[in-house]
>>> print(open('coords-v9.pdb').read())   # PDB, C-alpha atoms, pLDDT in the B column
ATOM      1  CA  MET A 282     -54.924   4.442  95.706  1.00 50.00           C
ATOM      2  CA  THR A 283     -53.447   2.768  98.750  1.00 75.00           C
ATOM      3  CA  GLY A 284     -50.332   4.925  98.871  1.00 94.00           C
ATOM      4  CA  ARG A 285     -47.790   2.205  99.585  1.00 97.00           C
ATOM      5  CA  ILE A 286     -45.033   4.375  98.083  1.00 98.00           C
ATOM      6  CA  GLN A 287     -46.699   7.737  98.614  1.00 98.00           C
ATOM      7  CA  GLY A 288     -44.370  10.660  97.956  1.00 98.00           C
ATOM      8  CA  ARG A 289     -41.434   8.569  96.786  1.00 98.00           C
ATOM      9  CA  VAL A 290     -39.527   9.114  93.556  1.00 98.00           C
ATOM     10  CA  ALA A 291     -38.969   6.182  91.220  1.00 99.00           C
ATOM     11  CA  VAL A 292     -36.891   5.734  88.090  1.00 99.00           C
ATOM     12  CA  VAL A 293     -38.053   3.032  85.665  1.00 99.00           C
ATOM     13  CA  THR A 294     -36.095   2.004  82.575  1.00 98.00           C
ATOM     14  CA  GLY A 295     -37.951   0.351  79.730  1.00 98.00           C
ATOM     15  CA  GLY A 296     -40.970   2.181  81.080  1.00 98.00           C
ATOM     16  CA  CYS A 297     -42.969   2.573  77.874  1.00 98.00           C
ATOM     17  CA  SER A 298     -43.970  -1.056  77.367  1.00 95.00           C
ATOM     18  CA  GLY A 299     -44.415  -4.438  79.009  1.00 94.00           C
ATOM     19  CA  ILE A 300     -43.453  -4.885  82.645  1.00 97.00           C
ATOM     20  CA  GLY A 301     -41.968  -1.395  82.793  1.00 98.00           C
ATOM     21  CA  LEU A 302     -45.166   0.269  81.614  1.00 98.00           C
ATOM     22  CA  ALA A 303     -47.345  -1.730  83.998  1.00 98.00           C
ATOM     23  CA  THR A 304     -44.994  -0.785  86.830  1.00 98.00           C
ATOM     24  CA  VAL A 305     -44.996   2.906  85.950  1.00 98.00           C
ATOM     25  CA  ARG A 306     -48.780   2.917  86.083  1.00 98.00           C
ATOM     26  CA  ARG A 307     -48.877   1.007  89.358  1.00 98.00           C
ATOM     27  CA  PHE A 308     -46.268   3.263  90.964  1.00 98.00           C
ATOM     28  CA  VAL A 309     -48.297   6.363  90.094  1.00 98.00           C
ATOM     29  CA  GLU A 310     -51.459   4.733  91.447  1.00 98.00           C
ATOM     30  CA  GLU A 311     -49.589   4.084  94.695  1.00 98.00           C
ATOM     31  CA  GLY A 312     -48.550   7.705  95.108  1.00 98.00           C
ATOM     32  CA  ALA A 313     -45.067   7.842  93.578  1.00 98.00           C
ATOM     33  CA  ARG A 314     -43.651  10.299  91.103  1.00 98.00           C
ATOM     34  CA  VAL A 315     -41.921   8.526  88.262  1.00 98.00           C
ATOM     35  CA  VAL A 316     -39.132   9.286  85.846  1.00 98.00           C
ATOM     36  CA  ILE A 317     -39.607   7.081  82.794  1.00 98.00           C
ATOM     37  CA  GLY A 318     -36.521   6.114  80.815  1.00 98.00           C
ATOM     38  CA  ASP A 319     -36.971   4.680  77.324  1.00 98.00           C
ATOM     39  CA  ILE A 320     -36.180   5.229  73.653  1.00 98.00           C
ATOM     40  CA  ASP A 321     -39.814   5.450  72.470  1.00 98.00           C
ATOM     41  CA  ASP A 322     -40.107   9.228  72.566  1.00 98.00           C
ATOM     42  CA  ASP A 323     -43.590   9.454  71.060  1.00 97.00           C
ATOM     43  CA  ARG A 324     -45.018   6.931  73.490  1.00 98.00           C
ATOM     44  CA  GLY A 325     -43.162   8.505  76.395  1.00 98.00           C
ATOM     45  CA  LYS A 326     -44.687  11.920  75.869  1.00 96.00           C
ATOM     46  CA  VAL A 327     -48.193  10.493  75.499  1.00 98.00           C
ATOM     47  CA  LEU A 328     -47.698   8.374  78.610  1.00 98.00           C
ATOM     48  CA  VAL A 329     -46.757  11.375  80.749  1.00 98.00           C
ATOM     49  CA  ASP A 330     -49.990  13.091  79.689  1.00 98.00           C
ATOM     50  CA  GLU A 331     -51.999   9.954  80.435  1.00 98.00           C
ATOM     51  CA  LEU A 332     -50.510   9.747  83.925  1.00 98.00           C
ATOM     52  CA  GLY A 333     -51.344  13.341  84.803  1.00 97.00           C
ATOM     53  CA  GLY A 334     -48.491  15.465  83.534  1.00 98.00           C
ATOM     54  CA  SER A 335     -45.195  16.625  84.957  1.00 97.00           C
ATOM     55  CA  ASP A 336     -46.468  16.773  88.534  1.00 97.00           C
ATOM     56  CA  VAL A 337     -46.374  12.977  88.620  1.00 98.00           C
ATOM     57  CA  ALA A 338     -44.195  11.834  85.720  1.00 98.00           C
ATOM     58  CA  VAL A 339     -41.326  12.891  83.479  1.00 98.00           C
ATOM     59  CA  TYR A 340     -40.098  11.117  80.367  1.00 98.00           C
ATOM     60  CA  VAL A 341     -36.382  11.000  79.524  1.00 98.00           C
ATOM     61  CA  HIS A 342     -34.923   9.542  76.354  1.00 98.00           C
ATOM     62  CA  VAL A 343     -32.141   7.226  77.454  1.00 98.00           C
ATOM     63  CA  ASP A 344     -29.811   4.777  75.801  1.00 98.00           C
ATOM     64  CA  VAL A 345     -29.242   2.525  78.807  1.00 98.00           C
ATOM     65  CA  THR A 346     -25.828   1.489  77.481  1.00 98.00           C
ATOM     66  CA  SER A 347     -24.574   5.095  77.694  1.00 98.00           C
ATOM     67  CA  LYS A 348     -23.154   6.163  81.049  1.00 98.00           C
ATOM     68  CA  ASP A 349     -23.762   9.828  80.324  1.00 98.00           C
ATOM     69  CA  GLU A 350     -27.409   9.263  79.442  1.00 98.00           C
ATOM     70  CA  VAL A 351     -28.033   6.976  82.419  1.00 98.00           C
ATOM     71  CA  ASP A 352     -26.421   9.507  84.758  1.00 98.00           C
ATOM     72  CA  ALA A 353     -28.647  12.208  83.263  1.00 98.00           C
ATOM     73  CA  LEU A 354     -31.729  10.032  83.813  1.00 98.00           C
ATOM     74  CA  PHE A 355     -31.136   9.725  87.545  1.00 98.00           C
ATOM     75  CA  ARG A 356     -30.057  13.345  87.841  1.00 98.00           C
ATOM     76  CA  THR A 357     -33.403  14.309  86.306  1.00 98.00           C
ATOM     77  CA  ALA A 358     -35.187  12.444  89.099  1.00 98.00           C
ATOM     78  CA  LYS A 359     -33.193  14.287  91.749  1.00 98.00           C
ATOM     79  CA  ASP A 360     -33.546  17.680  90.058  1.00 98.00           C
ATOM     80  CA  SER A 361     -37.252  17.280  89.250  1.00 98.00           C
ATOM     81  CA  TYR A 362     -38.562  15.696  92.426  1.00 98.00           C
ATOM     82  CA  GLY A 363     -35.821  15.977  95.037  1.00 98.00           C
ATOM     83  CA  SER A 364     -34.752  12.372  95.610  1.00 98.00           C
ATOM     84  CA  VAL A 365     -34.139   8.944  94.121  1.00 98.00           C
ATOM     85  CA  ASP A 366     -36.004   6.447  96.303  1.00 98.00           C
ATOM     86  CA  ILE A 367     -36.684   3.578  93.914  1.00 99.00           C
ATOM     87  CA  ALA A 368     -34.804   2.358  90.854  1.00 99.00           C
ATOM     88  CA  PHE A 369     -36.451  -0.311  88.719  1.00 99.00           C
ATOM     89  CA  ASN A 370     -33.711  -1.249  86.262  1.00 98.00           C
ATOM     90  CA  ASN A 371     -35.798  -3.142  83.780  1.00 98.00           C
ATOM     91  CA  ALA A 372     -34.763  -2.364  80.192  1.00 97.00           C
ATOM     92  CA  GLY A 373     -33.748  -5.414  78.198  1.00 96.00           C
ATOM     93  CA  ILE A 374     -33.800  -7.135  74.827  1.00 95.00           C
ATOM     94  CA  SER A 375     -34.158 -10.667  73.524  1.00 92.00           C
ATOM     95  CA  PRO A 376     -33.312 -10.578  69.800  1.00 93.00           C
ATOM     96  CA  PRO A 377     -33.807 -13.590  67.519  1.00 91.00           C
ATOM     97  CA  GLU A 378     -30.115 -13.681  66.603  1.00 96.00           C
ATOM     98  CA  ASP A 379     -29.385 -14.653  70.229  1.00 96.00           C
ATOM     99  CA  ASP A 380     -29.835 -18.409  70.010  1.00 95.00           C
ATOM    100  CA  SER A 381     -27.677 -21.467  70.666  1.00 95.00           C
ATOM    101  CA  ILE A 382     -24.041 -20.710  71.427  1.00 96.00           C
ATOM    102  CA  LEU A 383     -23.252 -22.538  68.177  1.00 97.00           C
ATOM    103  CA  ASP A 384     -25.285 -20.032  66.159  1.00 96.00           C
ATOM    104  CA  THR A 385     -24.914 -16.762  68.103  1.00 97.00           C
ATOM    105  CA  ASP A 386     -22.110 -14.580  66.799  1.00 98.00           C
ATOM    106  CA  LEU A 387     -19.976 -12.269  68.904  1.00 98.00           C
ATOM    107  CA  ASP A 388     -21.761  -9.083  67.872  1.00 98.00           C
ATOM    108  CA  ALA A 389     -25.129 -10.509  68.936  1.00 98.00           C
ATOM    109  CA  TRP A 390     -23.618 -11.701  72.220  1.00 98.00           C
ATOM    110  CA  ARG A 391     -22.146  -8.271  72.971  1.00 98.00           C
ATOM    111  CA  LYS A 392     -25.308  -6.351  72.083  1.00 98.00           C
ATOM    112  CA  VAL A 393     -27.414  -8.347  74.533  1.00 98.00           C
ATOM    113  CA  GLN A 394     -24.781  -8.097  77.275  1.00 98.00           C
ATOM    114  CA  GLU A 395     -24.613  -4.329  76.862  1.00 98.00           C
ATOM    115  CA  VAL A 396     -28.374  -3.776  77.018  1.00 98.00           C
ATOM    116  CA  ASN A 397     -29.276  -6.406  79.604  1.00 98.00           C
ATOM    117  CA  LEU A 398     -26.300  -6.435  81.967  1.00 98.00           C
ATOM    118  CA  THR A 399     -24.074  -3.395  81.471  1.00 98.00           C
ATOM    119  CA  SER A 400     -27.138  -1.152  81.641  1.00 98.00           C
ATOM    120  CA  VAL A 401     -28.036  -2.535  85.063  1.00 98.00           C
ATOM    121  CA  TYR A 402     -24.475  -1.890  86.237  1.00 98.00           C
ATOM    122  CA  LEU A 403     -24.740   1.700  84.967  1.00 99.00           C
ATOM    123  CA  CYS A 404     -28.157   2.265  86.552  1.00 98.00           C
ATOM    124  CA  CYS A 405     -27.068   0.891  89.923  1.00 99.00           C
ATOM    125  CA  LYS A 406     -23.882   2.950  89.771  1.00 98.00           C
ATOM    126  CA  ALA A 407     -25.955   6.077  89.076  1.00 98.00           C
ATOM    127  CA  ALA A 408     -28.655   5.422  91.685  1.00 98.00           C
ATOM    128  CA  LEU A 409     -26.516   4.328  94.628  1.00 98.00           C
ATOM    129  CA  PRO A 410     -24.851   7.673  95.492  1.00 98.00           C
ATOM    130  CA  TYR A 411     -28.266   9.349  95.868  1.00 98.00           C
ATOM    131  CA  MET A 412     -29.599   6.514  97.998  1.00 98.00           C
ATOM    132  CA  ILE A 413     -26.502   6.291 100.179  1.00 98.00           C
ATOM    133  CA  GLU A 414     -26.688  10.035 100.828  1.00 98.00           C
ATOM    134  CA  GLN A 415     -30.361   9.686 101.784  1.00 98.00           C
ATOM    135  CA  GLY A 416     -29.676   6.610 103.899  1.00 98.00           C
ATOM    136  CA  LYS A 417     -32.447   4.693 102.163  1.00 98.00           C
ATOM    137  CA  GLY A 418     -33.529   3.324  98.824  1.00 98.00           C
ATOM    138  CA  SER A 419     -34.762   0.277  96.968  1.00 99.00           C
ATOM    139  CA  ILE A 420     -33.219  -1.029  93.758  1.00 99.00           C
ATOM    140  CA  ILE A 421     -35.018  -3.727  91.800  1.00 99.00           C
ATOM    141  CA  ASN A 422     -33.173  -5.288  88.869  1.00 98.00           C
ATOM    142  CA  THR A 423     -34.994  -7.397  86.302  1.00 98.00           C
ATOM    143  CA  ALA A 424     -33.303 -10.772  85.973  1.00 98.00           C
ATOM    144  CA  SER A 425     -35.238 -13.888  84.866  1.00 97.00           C
ATOM    145  CA  PHE A 426     -36.092 -17.436  85.803  1.00 95.00           C
ATOM    146  CA  VAL A 427     -33.336 -18.446  83.358  1.00 95.00           C
ATOM    147  CA  ALA A 428     -30.857 -16.954  85.828  1.00 96.00           C
ATOM    148  CA  VAL A 429     -31.523 -19.914  88.129  1.00 96.00           C
ATOM    149  CA  MET A 430     -32.141 -22.748  85.654  1.00 93.00           C
ATOM    150  CA  GLY A 431     -31.358 -23.728  82.087  1.00 86.00           C
ATOM    151  CA  ALA A 432     -33.717 -22.476  79.410  1.00 80.00           C
ATOM    152  CA  ALA A 433     -35.623 -24.998  77.307  1.00 75.00           C
ATOM    153  CA  THR A 434     -35.181 -22.656  74.356  1.00 79.00           C
ATOM    154  CA  SER A 435     -31.597 -21.461  74.189  1.00 87.00           C
ATOM    155  CA  GLN A 436     -30.794 -17.753  74.228  1.00 93.00           C
ATOM    156  CA  ILE A 437     -27.200 -17.953  75.317  1.00 97.00           C
ATOM    157  CA  SER A 438     -26.417 -14.272  75.798  1.00 98.00           C
ATOM    158  CA  TYR A 439     -29.800 -13.473  77.336  1.00 97.00           C
ATOM    159  CA  SER A 440     -29.442 -16.290  79.871  1.00 97.00           C
ATOM    160  CA  ALA A 441     -25.880 -15.285  80.710  1.00 98.00           C
ATOM    161  CA  SER A 442     -26.836 -11.613  81.054  1.00 98.00           C
ATOM    162  CA  LYS A 443     -29.678 -12.390  83.434  1.00 98.00           C
ATOM    163  CA  GLY A 444     -27.402 -14.613  85.505  1.00 98.00           C
ATOM    164  CA  GLY A 445     -25.075 -11.642  85.753  1.00 98.00           C
ATOM    165  CA  VAL A 446     -27.915  -9.362  86.854  1.00 98.00           C
ATOM    166  CA  LEU A 447     -28.862 -11.817  89.591  1.00 98.00           C
ATOM    167  CA  SER A 448     -25.304 -12.179  90.865  1.00 98.00           C
ATOM    168  CA  MET A 449     -24.687  -8.422  90.800  1.00 98.00           C
ATOM    169  CA  SER A 450     -27.938  -7.769  92.659  1.00 98.00           C
ATOM    170  CA  ARG A 451     -26.940 -10.174  95.416  1.00 98.00           C
ATOM    171  CA  GLU A 452     -23.534  -8.564  95.821  1.00 98.00           C
ATOM    172  CA  LEU A 453     -24.901  -5.026  95.911  1.00 98.00           C
ATOM    173  CA  GLY A 454     -27.652  -6.055  98.310  1.00 98.00           C
ATOM    174  CA  VAL A 455     -25.081  -7.378 100.738  1.00 98.00           C
ATOM    175  CA  GLN A 456     -22.629  -4.521 100.254  1.00 98.00           C
ATOM    176  CA  PHE A 457     -25.045  -1.655 100.882  1.00 98.00           C
ATOM    177  CA  ALA A 458     -27.500  -3.191 103.354  1.00 98.00           C
ATOM    178  CA  ARG A 459     -26.127  -1.303 106.352  1.00 98.00           C
ATOM    179  CA  GLN A 460     -26.339   1.964 104.447  1.00 98.00           C
ATOM    180  CA  GLY A 461     -30.087   1.595 104.112  1.00 98.00           C
ATOM    181  CA  VAL A 462     -30.158   0.521 100.477  1.00 98.00           C
ATOM    182  CA  ARG A 463     -31.902  -2.683  99.487  1.00 98.00           C
ATOM    183  CA  VAL A 464     -31.124  -4.405  96.179  1.00 99.00           C
ATOM    184  CA  ASN A 465     -33.239  -7.303  94.951  1.00 99.00           C
ATOM    185  CA  ALA A 466     -33.594  -9.187  91.670  1.00 98.00           C
ATOM    186  CA  LEU A 467     -37.010  -9.776  90.138  1.00 98.00           C
ATOM    187  CA  CYS A 468     -36.987 -13.090  88.251  1.00 98.00           C
ATOM    188  CA  PRO A 469     -40.085 -13.306  86.050  1.00 97.00           C
ATOM    189  CA  GLY A 470     -41.171 -16.391  84.210  1.00 93.00           C
ATOM    190  CA  PRO A 471     -42.472 -15.992  80.645  1.00 89.00           C
ATOM    191  CA  VAL A 472     -44.624 -12.866  80.580  1.00 91.00           C
ATOM    192  CA  ASN A 473     -47.204 -11.716  78.064  1.00 89.00           C
ATOM    193  CA  THR A 474     -45.228  -8.704  76.796  1.00 81.00           C
ATOM    194  CA  PRO A 475     -44.433  -7.302  73.330  1.00 74.00           C
ATOM    195  CA  LEU A 476     -41.178  -9.299  73.378  1.00 69.00           C
ATOM    196  CA  LEU A 477     -43.059 -12.561  73.807  1.00 69.00           C
ATOM    197  CA  LYS A 478     -45.741 -11.608  71.275  1.00 68.00           C
ATOM    198  CA  GLU A 479     -42.993 -10.847  68.762  1.00 68.00           C
ATOM    199  CA  LEU A 480     -41.504 -14.274  69.384  1.00 63.00           C
ATOM    200  CA  PHE A 481     -44.898 -15.917  68.780  1.00 59.00           C
ATOM    201  CA  ALA A 482     -45.287 -13.971  65.549  1.00 53.00           C
ATOM    202  CA  LYS A 483     -41.870 -15.077  64.297  1.00 63.00           C
ATOM    203  CA  ASP A 484     -41.732 -18.624  65.647  1.00 69.00           C
ATOM    204  CA  GLU A 485     -44.939 -19.950  67.200  1.00 70.00           C
ATOM    205  CA  GLU A 486     -43.446 -23.371  67.895  1.00 73.00           C
ATOM    206  CA  LYS A 487     -40.459 -21.894  69.734  1.00 67.00           C
ATOM    207  CA  ALA A 488     -42.680 -19.684  71.857  1.00 65.00           C
ATOM    208  CA  ALA A 489     -45.112 -22.496  72.643  1.00 70.00           C
ATOM    209  CA  ARG A 490     -42.256 -24.604  74.043  1.00 70.00           C
ATOM    210  CA  ARG A 491     -41.985 -22.053  76.828  1.00 70.00           C
ATOM    211  CA  LEU A 492     -45.584 -22.497  77.897  1.00 76.00           C
ATOM    212  CA  VAL A 493     -45.519 -26.282  78.246  1.00 79.00           C
ATOM    213  CA  HIS A 494     -43.095 -26.024  81.184  1.00 81.00           C
ATOM    214  CA  VAL A 495     -45.191 -23.588  83.239  1.00 88.00           C
ATOM    215  CA  PRO A 496     -47.181 -25.447  85.935  1.00 90.00           C
ATOM    216  CA  MET A 497     -49.886 -22.777  85.967  1.00 90.00           C
ATOM    217  CA  GLY A 498     -50.419 -23.382  82.252  1.00 85.00           C
ATOM    218  CA  ARG A 499     -50.305 -19.752  81.199  1.00 87.00           C
ATOM    219  CA  PHE A 500     -47.940 -16.852  80.805  1.00 89.00           C
ATOM    220  CA  GLY A 501     -47.712 -14.170  83.440  1.00 94.00           C
ATOM    221  CA  GLU A 502     -49.188 -10.741  82.899  1.00 95.00           C
ATOM    222  CA  PRO A 503     -47.216  -7.482  83.160  1.00 97.00           C
ATOM    223  CA  GLU A 504     -49.542  -6.303  85.914  1.00 98.00           C
ATOM    224  CA  GLU A 505     -48.614  -9.343  88.015  1.00 98.00           C
ATOM    225  CA  MET A 506     -44.950  -8.459  87.693  1.00 98.00           C
ATOM    226  CA  ALA A 507     -45.752  -4.838  88.579  1.00 98.00           C
ATOM    227  CA  SER A 508     -47.338  -6.033  91.821  1.00 98.00           C
ATOM    228  CA  ALA A 509     -44.138  -7.894  92.651  1.00 98.00           C
ATOM    229  CA  VAL A 510     -42.030  -4.831  91.870  1.00 98.00           C
ATOM    230  CA  LEU A 511     -44.273  -2.691  94.074  1.00 98.00           C
ATOM    231  CA  PHE A 512     -43.767  -5.145  96.936  1.00 98.00           C
ATOM    232  CA  LEU A 513     -39.982  -4.942  96.544  1.00 98.00           C
ATOM    233  CA  ALA A 514     -40.105  -1.144  96.271  1.00 98.00           C
ATOM    234  CA  SER A 515     -42.305  -0.653  99.322  1.00 98.00           C
ATOM    235  CA  ASP A 516     -41.778  -1.058 103.058  1.00 98.00           C
ATOM    236  CA  ASP A 517     -43.670  -4.358 102.853  1.00 98.00           C
ATOM    237  CA  SER A 518     -40.313  -5.901 101.885  1.00 98.00           C
ATOM    238  CA  SER A 519     -38.239  -3.902 104.361  1.00 98.00           C
ATOM    239  CA  PHE A 520     -36.306  -6.985 105.608  1.00 98.00           C
ATOM    240  CA  MET A 521     -35.486  -8.214 102.104  1.00 98.00           C
ATOM    241  CA  THR A 522     -32.259  -7.566 100.262  1.00 98.00           C
ATOM    242  CA  ALA A 523     -29.947  -9.593  98.012  1.00 98.00           C
ATOM    243  CA  SER A 524     -33.022 -11.695  97.241  1.00 98.00           C
ATOM    244  CA  THR A 525     -33.917 -13.815  94.231  1.00 98.00           C
ATOM    245  CA  PHE A 526     -37.610 -12.977  93.861  1.00 98.00           C
ATOM    246  CA  LEU A 527     -39.126 -15.573  91.532  1.00 98.00           C
ATOM    247  CA  VAL A 528     -42.514 -14.785  90.003  1.00 98.00           C
ATOM    248  CA  ASP A 529     -42.645 -17.531  87.418  1.00 95.00           C
ATOM    249  CA  GLY A 530     -45.843 -19.553  87.671  1.00 95.00           C
ATOM    250  CA  GLY A 531     -43.901 -22.387  89.305  1.00 94.00           C
ATOM    251  CA  ILE A 532     -41.563 -23.030  86.387  1.00 92.00           C
ATOM    252  CA  SER A 533     -38.380 -23.014  88.480  1.00 92.00           C
ATOM    253  CA  GLY A 534     -39.862 -25.507  90.936  1.00 91.00           C
ATOM    254  CA  ALA A 535     -41.097 -28.024  88.376  1.00 85.00           C
ATOM    255  CA  TYR A 536     -39.353 -31.229  87.354  1.00 76.00           C
ATOM    256  CA  VAL A 537     -42.062 -32.402  84.988  1.00 60.00           C
ATOM    257  CA  THR A 538     -45.193 -30.410  84.313  1.00 54.00           C
ATOM    258  CA  PRO A 539     -48.352 -32.536  84.067  1.00 53.00           C
ATOM    259  CA  LEU A 540     -50.468 -31.873  81.008  1.00 53.00           C
TER
END
>>> encode(input="coords-v9.pdb", output="structure tokens")
Amino acid sequence: MTGRIQGRVAVVTGGCSGIGLATVRRFVEEGARVVIGDIDDDRGKVLVDELGGSDVAVYVHVDVTSKDEVDALFRTAKDSYGSVDIAFNNAGISPPEDDSILDTDLDAWRKVQEVNLTSVYLCCKAALPYMIEQGKGSIINTASFVAVMGAATSQISYSASKGGVLSMSRELGVQFARQGVRVNALCPGPVNTPLLKELFAKDEEKAARRLVHVPMGRFGEPEEMASAVLFLASDDSSFMTASTFLVDGGISGAYVTPL
């Protein structure tokens, strides 16, 4: 343990799998107490035990599209541990019915927008009053490399939602900088998470098209994204706000990737 966020209180949505899970574990290793928001109740309870119990972690069932449930999530952090220092707003979906704009119907569009974008709005809205009162805080919102470039494999609502997350993060970062609150957007490239594995299982060719554009020739790992989140959460990034933090294996900088 290096204690880069020793004694701080973090809220992580989507904390039971993928990038969220890796971040929860890393935060605890670095001395934070964590409130885990997710809908996987069985996994959440087991995870709290694995991490060391209620002294270091609490699990809260949360539908991130519900204002009441999101408000309750952040209130739990304040009530349980006394502050809200870090908010990693990470929950998101990428369903197969979100495809080309020609094939994606309105219900699919709206579902992705609600989970990927509206949830971040709700989480920021819930976290900011605590942080403003404290005069400090770090919010990290999960966007994507597709927020800054067109995707080779179309997911129209996902791409639009992540663009919205990036734009909102910039605005909030500027708006609240002088009140001690930093807001940054993490923009991962393709990451080896359950979402990506599910895509491979359903459409190997579609998933493989993502890899060919990555200069490093591999997908990222959740633990690599967790390291980036830790940097943004800690004082190591104390002069960073409203930032587009790309951790994408070079994909956003590549014109043509040599094979």
>>> resolve_selection(input="coords-v9.pdb", expression="the PyMOL selection byres ((chain A and resi 471) around 12)", output="MDAnalysis selection string")
chainID A and resid 299:300 424:427 432:434 468:470 472:478 480 488:503 505:506 527:533
>>> resolve_selection(input="coords-v9.pdb", expression="the PyMOL selection byres ((chain A and resi 374-380) around 9)", output="list in words")
Ala372, Gly373, Ser381, Ile382, Leu383, Asp384, Thr385, Asp386, Ala389, Trp390, Lys392, Val393, Val396, Asn397, Thr434, Ser435, Gln436, Ile437, Ser438, Tyr439, Leu476, Leu480 and Lys483 of chain A
>>> residues_around(input="coords-v9.pdb", residues="stretch 285-294 of chain A", least_positions_apart="3", cutoff="6 Å", atoms="all atoms listed in the file", output="number ranges by chain")
A: 311-319, 365-372, 515
>>> resolve_selection(input="coords-v9.pdb", expression="the PyMOL selection byres ((chain A and resi 414-416) around 6)", output="number ranges by chain")
A: 411-413, 417, 460-461
>>> axis_aligned_box(input="coords-v9.pdb", around="stretch 505-523 of chain A", padding_each_side="4 Å", output="JSON")
{"center_x": -39.3, "center_y": -5.1, "center_z": 96.7, "size_x": 26.7, "size_y": 16.9, "size_z": 25.9}
>>> residues_around(input="coords-v9.pdb", residues="A:Ser524", least_positions_apart="2", cutoff="9 Å", atoms="only C-alpha atoms", output="number ranges by chain")
A: 447, 450-451, 454, 464-467, 521-522, 526
>>> closest_residue(input="coords-v9.pdb", among="A:Glu310, A:Ala523, A:Val305, A:Ala428", to="A:Thr283", atoms="all atoms listed in the file")
A:Glu310
